[in-house]
file target-v5.pdb (PDB, C-alpha atoms, pLDDT in the B column)
ATOM      1  CA  MET A   1      88.188-148.686-100.771  1.00 46.00           C
ATOM      2  CA  THR A   2      85.363-146.675 -99.190  1.00 54.00           C
ATOM      3  CA  ILE A   3      87.776-143.806 -98.512  1.00 56.00           C
ATOM      4  CA  GLN A   4      88.480-143.599-102.237  1.00 57.00           C
ATOM      5  CA  ASN A   5      84.744-143.602-102.993  1.00 60.00           C
ATOM      6  CA  HIS A   6      84.180-140.737-100.567  1.00 59.00           C
ATOM      7  CA  GLU A   7      87.042-138.761-102.105  1.00 63.00           C
ATOM      8  CA  ASP A   8      85.645-139.365-105.593  1.00 61.00           C
ATOM      9  CA  ALA A   9      82.181-138.282-104.471  1.00 59.00           C
ATOM     10  CA  ASP A  10      83.585-135.128-102.848  1.00 62.00           C
ATOM     11  CA  LYS A  11      85.544-134.288-106.011  1.00 60.00           C
ATOM     12  CA  LYS A  12      82.467-134.780-108.189  1.00 60.00           C
ATOM     13  CA  ALA A  13      80.392-132.604-105.848  1.00 59.00           C
ATOM     14  CA  SER A  14      82.970-129.807-105.929  1.00 61.00           C
ATOM     15  CA  ASP A  15      83.199-130.084-109.736  1.00 60.00           C
ATOM     16  CA  LEU A  16      79.411-129.814-109.973  1.00 58.00           C
ATOM     17  CA  ARG A  17      79.375-126.773-107.708  1.00 67.00           C
ATOM     18  CA  ALA A  18      82.046-125.107-109.863  1.00 63.00           C
ATOM     19  CA  MET A  19      80.032-125.875-113.005  1.00 64.00           C
ATOM     20  CA  ASP A  20      76.838-124.579-111.374  1.00 64.00           C
ATOM     21  CA  ILE A  21      78.501-121.261-110.581  1.00 66.00           C
ATOM     22  CA  LEU A  22      79.594-120.789-114.184  1.00 71.00           C
ATOM     23  CA  ASP A  23      76.359-122.029-115.770  1.00 80.00           C
ATOM     24  CA  PRO A  24      74.262-119.034-116.958  1.00 80.00           C
ATOM     25  CA  ASN A  25      71.034-120.979-116.483  1.00 82.00           C
ATOM     26  CA  ASN A  26      71.946-121.612-112.859  1.00 85.00           C
ATOM     27  CA  GLN A  27      72.753-117.933-112.365  1.00 84.00           C
ATOM     28  CA  ILE A  28      69.350-116.988-113.776  1.00 88.00           C
ATOM     29  CA  GLY A  29      67.684-119.552-111.531  1.00 88.00           C
ATOM     30  CA  ASN A  30      69.468-118.215-108.468  1.00 87.00           C
ATOM     31  CA  ARG A  31      68.419-114.658-109.262  1.00 90.00           C
ATOM     32  CA  LEU A  32      64.823-115.692-109.865  1.00 92.00           C
ATOM     33  CA  ARG A  33      64.757-117.604-106.561  1.00 92.00           C
ATOM     34  CA  SER A  34      66.121-114.604-104.663  1.00 92.00           C
ATOM     35  CA  PHE A  35      63.627-112.282-106.385  1.00 93.00           C
ATOM     36  CA  TYR A  36      60.762-114.648-105.552  1.00 92.00           C
ATOM     37  CA  ALA A  37      61.896-114.883-101.917  1.00 91.00           C
ATOM     38  CA  ALA A  38      61.960-111.081-101.681  1.00 90.00           C
ATOM     39  CA  MET A  39      58.472-110.863-103.193  1.00 89.00           C
ATOM     40  CA  GLN A  40      57.109-113.344-100.649  1.00 88.00           C
ATOM     41  CA  ASP A  41      58.131-111.015 -97.845  1.00 86.00           C
ATOM     42  CA  GLU A  42      56.205-108.055 -99.282  1.00 89.00           C
ATOM     43  CA  ALA A  43      52.679-107.280 -98.122  1.00 90.00           C
ATOM     44  CA  ILE A  44      49.744-107.749-100.486  1.00 88.00           C
ATOM     45  CA  PRO A  45      48.460-104.343-101.681  1.00 92.00           C
ATOM     46  CA  ASP A  46      45.075-103.293-100.275  1.00 95.00           C
ATOM     47  CA  ARG A  47      43.733-102.706-103.777  1.00 96.00           C
ATOM     48  CA  PHE A  48      44.441-106.335-104.698  1.00 94.00           C
ATOM     49  CA  LEU A  49      42.822-107.584-101.480  1.00 94.00           C
ATOM     50  CA  ASP A  50      39.710-105.507-102.283  1.00 96.00           C
ATOM     51  CA  LEU A  51      39.522-107.083-105.731  1.00 96.00           C
ATOM     52  CA  LEU A  52      39.782-110.565-104.196  1.00 96.00           C
ATOM     53  CA  GLU A  53      36.978-109.772-101.760  1.00 96.00           C
ATOM     54  CA  LYS A  54      34.760-108.572-104.631  1.00 97.00           C
ATOM     55  CA  LEU A  55      35.507-111.767-106.545  1.00 96.00           C
ATOM     56  CA  ASP A  56      34.627-113.922-103.512  1.00 96.00           C
ATOM     57  CA  HIS A  57      31.365-112.009-103.094  1.00 96.00           C
ATOM     58  CA  ALA A  58      30.478-112.425-106.778  1.00 95.00           C
ATOM     59  CA  GLU A  59      31.237-116.170-106.612  1.00 94.00           C
ATOM     60  CA  ARG A  60      29.044-116.584-103.515  1.00 93.00           C
ATOM     61  CA  LEU A  61      26.168-114.787-105.251  1.00 92.00           C
ATOM     62  CA  ALA A  62      26.575-116.933-108.362  1.00 91.00           C
ATOM     63  CA  SER A  63      26.634-120.192-106.373  1.00 89.00           C
ATOM     64  CA  ALA A  64      23.567-119.073-104.381  1.00 87.00           C
ATOM     65  CA  LYS A  65      21.663-118.456-107.614  1.00 84.00           C
ATOM     66  CA  VAL A  66      22.645-121.860-108.977  1.00 83.00           C
ATOM     67  CA  SER A  67      21.557-123.669-105.819  1.00 79.00           C
ATOM     68  CA  GLU A  68      18.093-122.014-105.870  1.00 72.00           C
TER      69      GLU A  68
END
call {"tool": "encode", "arguments": {"input": "target-v5.pdb", "output": "structure tokens"}}
result
Amino acid sequence: MTIQNHEDADKKASDLRAMDILDPNNQIGNRLRSFYAAMQDEAIPDRFLDLLEKLDHAERLASAKVSE
């Protein structure tokens, strides 16, 4: 009886995988995930890092004024 359950589970899993491949929403999700993974590997531009440093400096000045 457990062999039949395993076979049924394997068939359902393969059916789901076949449906996932054909589903346009899944295809979009896969492309977005691959695009996001590629973006994670890219370096942060220096210009953006400079802007973040300026923001941190402005926040420190603002919190120092509030604490005085």
call {"tool": "atom_distance", "arguments": {"input": "target-v5.pdb", "atom1": "atom CA of Phe35 of chain A", "atom2": "atom CA of Glu53 of chain A"}}
result
27.2 Å
call {"tool": "atom_distance", "arguments": {"input": "target-v5.pdb", "atom1": "atom CA of Leu52 of chain A", "atom2": "atom CA of Tyr36 of chain A"}}
result
21.4 Å
call {"tool": "axis_aligned_box", "arguments": {"input": "target-v5.pdb", "around": "segment 20-34 of chain A", "padding_each_side": "4 Å", "output": "lines of an AutoDock Vina configuration file"}}
result
center_x = 72.2
center_y = -119.6
center_z = -110.8
size_x = 22.8
size_y = 18.0
size_z = 20.3
call {"tool": "build_atoms", "arguments": {"input": "target-v5.pdb", "residues": "segment 36-50 of chain A", "atoms": "N, CA and C atoms", "output": "PDB file, in the coordinates of the input"}}
result
ATOM      1  N   TYR A  36      62.010-114.062-106.051  1.00 92.00           N
ATOM      2  CA  TYR A  36      60.762-114.648-105.552  1.00 92.00           C
ATOM      3  C   TYR A  36      60.722-114.610-104.028  1.00 92.00           C
ATOM      4  N   ALA A  37      61.839-114.912-103.381  1.00 91.00           N
ATOM      5  CA  ALA A  37      61.896-114.883-101.917  1.00 91.00           C
ATOM      6  C   ALA A  37      61.640-113.471-101.402  1.00 91.00           C
ATOM      7  N   ALA A  38      62.188-112.469-102.091  1.00 90.00           N
ATOM      8  CA  ALA A  38      61.960-111.081-101.681  1.00 90.00           C
ATOM      9  C   ALA A  38      60.502-110.694-101.874  1.00 90.00           C
ATOM     10  N   MET A  39      59.876-111.184-102.937  1.00 89.00           N
ATOM     11  CA  MET A  39      58.472-110.863-103.193  1.00 89.00           C
ATOM     12  C   MET A  39      57.554-111.508-102.156  1.00 89.00           C
ATOM     13  N   GLN A  40      57.923-112.672-101.651  1.00 88.00           N
ATOM     14  CA  GLN A  40      57.109-113.344-100.649  1.00 88.00           C
ATOM     15  C   GLN A  40      57.049-112.544 -99.360  1.00 88.00           C
ATOM     16  N   ASP A  41      58.080-111.784 -99.079  1.00 86.00           N
ATOM     17  CA  ASP A  41      58.131-111.015 -97.845  1.00 86.00           C
ATOM     18  C   ASP A  41      57.321-109.722 -97.924  1.00 86.00           C
ATOM     19  N   GLU A  42      56.962-109.296 -99.122  1.00 89.00           N
ATOM     20  CA  GLU A  42      56.205-108.055 -99.282  1.00 89.00           C
ATOM     21  C   GLU A  42      54.731-108.277 -98.954  1.00 89.00           C
ATOM     22  N   ALA A  43      54.105-107.222 -98.454  1.00 90.00           N
ATOM     23  CA  ALA A  43      52.679-107.280 -98.122  1.00 90.00           C
ATOM     24  C   ALA A  43      51.840-107.208 -99.403  1.00 90.00           C
ATOM     25  N   ILE A  44      50.662-107.799 -99.351  1.00 88.00           N
ATOM     26  CA  ILE A  44      49.744-107.749-100.486  1.00 88.00           C
ATOM     27  C   ILE A  44      49.079-106.367-100.491  1.00 88.00           C
ATOM     28  N   PRO A  45      49.071-105.676-101.623  1.00 92.00           N
ATOM     29  CA  PRO A  45      48.460-104.343-101.681  1.00 92.00           C
ATOM     30  C   PRO A  45      46.971-104.395-101.350  1.00 92.00           C
ATOM     31  N   ASP A  46      46.489-103.359-100.660  1.00 95.00           N
ATOM     32  CA  ASP A  46      45.075-103.293-100.275  1.00 95.00           C
ATOM     33  C   ASP A  46      44.156-103.341-101.482  1.00 95.00           C
ATOM     34  N   ARG A  47      44.557-102.713-102.559  1.00 96.00           N
ATOM     35  CA  ARG A  47      43.733-102.706-103.777  1.00 96.00           C
ATOM     36  C   ARG A  47      43.514-104.132-104.300  1.00 96.00           C
ATOM     37  N   PHE A  48      44.552-104.948-104.243  1.00 94.00           N
ATOM     38  CA  PHE A  48      44.441-106.335-104.698  1.00 94.00           C
ATOM     39  C   PHE A  48      43.545-107.134-103.753  1.00 94.00           C
ATOM     40  N   LEU A  49      43.678-106.902-102.451  1.00 94.00           N
ATOM     41  CA  LEU A  49      42.822-107.584-101.480  1.00 94.00           C
ATOM     42  C   LEU A  49      41.354-107.211-101.684  1.00 94.00           C
ATOM     43  N   ASP A  50      41.088-105.940-102.002  1.00 96.00           N
ATOM     44  CA  ASP A  50      39.710-105.507-102.283  1.00 96.00           C
ATOM     45  C   ASP A  50      39.150-106.234-103.499  1.00 96.00           C
TER      46      ASP A  50
END
